Structures are given as C-alpha cells and as structure tokens.
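Peer 1: Have a look at this one before I ask anything.
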Amino acid sequence: MSDPTERFVEANGLRHHVLEWLGDGPTVLLAHGFLDMAWSFRDVAKALSARGFRCVAWDWRGHGETEHIGAGGYYHFADYVLDLDELWPSLVPEGEKAHLVGHSMGGSAVTMFAAVRSDRLHTLALLEGLGPPDQPVAKAPEKLQLWLHGVARARAKEGRTFTLKEAVARMRRQNPALSEDLGAFLAEKGTRAVDEGRQWSFDRLHRTPSPSVFQAALFTQYLRAIAVPTLVVGAEKGYRLADEAERLAVIPKGRLVELPGVGHMMHWEAPEALADVLVAHFEP
C-alpha cells in the first residue's frame with residue numbers, strides 16, 4: 001500500500017497539515033485526539049484504503065504540523081468545529097458525503113460537528129469520544145484559577161529537549177502496548193529538531209487545564225442532535241465513563257462495540273480489528 005500524499009490547507013486562518021490515502025470508495029475522515037496527530041492513524045488508514053476507502057486525516061490546530069494559534073489565542077472545542085467546517089471543501093469531494101471518525105478529544109469535537117452538520121455525513125464513529133467525565137459546576141472558579149496559573153507557567157517555561165529514543169520511552173510508559181516500530185515512527189513525526197535535540201511539535205498551551213467545567217448535560221444535547229448512524233467504540237482497557245450507557249442512550253441511532261484486550265489508543269494497538277468494526281459500520 002502506497003504512502004499517503006501530504007498537503008497544507010488554509011482554513012479558519014491557520015495552515016493545516018493533511019494526509020490522504022487513496023481509494024476509489026467513499027471518503028473516511030479520521031480525527032485524532034489530544035496531543036496526537038494525523039500520522040497516528042497510519043495503520044488504520046492503510047487497512048481501510050486496502051478495502052477501497054479514501055482516507056483523510058489532518059492535524060488539529062496546535063498539533064503535529066498544523067500551525068499553533070496566534071498571540072492571545074487559545075484552544076476551545078468550538079474552534080475545532082469551525083476549523084473542520086472550513087476544511088471540509090478541501091477534504092471531501094464536492095457534493096459527496098463522508099464517514100467521520102473521531103478519537104477521544106477528536107471524538108468530542110466531531111460530535112459537536114455532527115450535531116449541526118449531519119447532512120454532510122454517511123455515518124459517525126466515536127472511539128472513546130463521548131466527552132470527558134462530568135464536572136460539578138461549583139468547581140468553575142477553581143477551574144478558571146488553575147487555567148490562569150497553567151497558561152502563565154506554559155508561557156514562562158521553555159520546552160524540555162530530548163532524544164528520539166527518550167520520546168519513544170515516554171510514549172511507551174504511558175502506552176506499554178505501543179510497538180517499537182510505531183513508537184519510533186510517531187516520535188519522529190511528532191517532534192521537531194532544535195539545537196539541543198528534539199521537542200514535541202504540539203503547542204505547550206495544550207498542557208494547560210481547560211478554563212471551563214465540562215457539563216455532561218450540555219454535551220448530551222449535541223449527542224441527541226446527531227442524525228446519522230453512530231458507532232461508539234470502547235476499549236476493554238480504555239477510559240470508560242461512569243455514565244457511558246446514559247450518554248449512548250440519547251444518541252438516536254447509536255450503538256456500542258467493545259474491542260477486547262486493548263487500551264485507549266486502540267488505533268495504535270489494534271488497527272486491523274478497529275478497521276474491521278469500522279467497515280462493518282460503514283457498510284451495514
């Protein structure tokens with residue numbers, strides 16, 4: 001299977017990095033999660049492309065090779081939705097619909113997109129992407145204070161440098177099932193060279209806590225508004241929500257599939273198995 005083509009697309013004032021794996025069938029859009037990148041879907045995209053699907057993945061703002069936001073800006077979910085809305089004409093052929101897949105943070109973002117743009121979709125798939133755990137509203141002042149402190153620290157500190165070997169070791173500490181081969185590939189793609197070694201390519205502001213509490217009741221309204229068949233993929237060893245069943249129940253055409261023996265980074269650990277359940281969802 002050939003390597004993807006790479007290009008850069010201007011959308012919402014930012015230069016976005018886009019990967020495309022060729023296929024004669026419908027388009028599948030692959031939206032990565034927090035501190036991840038488009039290349040993370042390499043093996044899933046290859047498996048889907050081999051079955052005829054055209055796969056497109058992009059780096060969200062401040063991730064991978066997509067530009068960081070400018071001075072005074074920040075990263076909010078509505079920004080990701082607007083980015084995708086403006087990217088859409090460059091990702092999907094005119095007049096066609098797409099299958100949309102989102103992992104983790106990317107799943108939360110594409111949930112919001114699907115709530116208002118279901119007319120552009122064949123299906124939606126959320127890979128442990130039903131949103132973060134609910135947070136009490138009473139924590140709002142504390143969250144804002146932590147955010148102010150976090151932003152100040154992120155702007156005051158220079159990023160730590162390291163070797164590619166150290167980058168792989170760090171990723172494998174967090175995800176022991178990550179193979180050495182994929183780890184080395186992602187470490188090279190997810191870092192940039194500096195005089196002293198390497199640094200992560202994502203914007204350091206992503207490491208700051210959100211300024212707002214996450215309200216499941218509000219997010220549920222986006223889930224309710226999704227008008228296309230929706231697959232929620234849970235990992236047996238992943239990050240499962242205490243109210244997963246309640247959130248799943250409000251999706252009009254939603255269903256859950258669990259991948260056995262894998263963790264949250266299911267697209268790293270079991271790309272073929274994930275591709276199997278996605279294809280079954282795309283072609284009922």
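Labels used: A, B, ... for chains in the order of the structure tokens, numbers from 1 for residues in each chain, and numbers from 1 for ligands as shown.
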Which of segment 26-234 of chain A counts as strand (DSSP E) under DSSP, as number ranges by chain please?
Peer 2: A: 27-31, 54-58, 98-103, 121-127, 191-194, 197-200, 230-234
Peer 1: Show me, as a count of residues only, the residues that have an atom within 12 Å of Gln174 of chain A when counting only C-alpha atoms, minus same-chain residues fewer than 3 positions from it.
Peer 2: 11
Peer 1: What's the 7 Å shell around Gly62 of chain A, counting only C-alpha atoms, without same-chain residues fewer than 4 positions away, as a PyMOL selection string?
Peer 2: chain A and resi 66-69+202-203
Peer 1: Name the residues in contact with Ile251 of chain A at a cut-off of 7 Å, using only C-alpha atoms, excluding same-chain residues fewer than 4 positions from it; report them as a PyMOL selection string.
Peer 2: chain A and resi 223-224+226
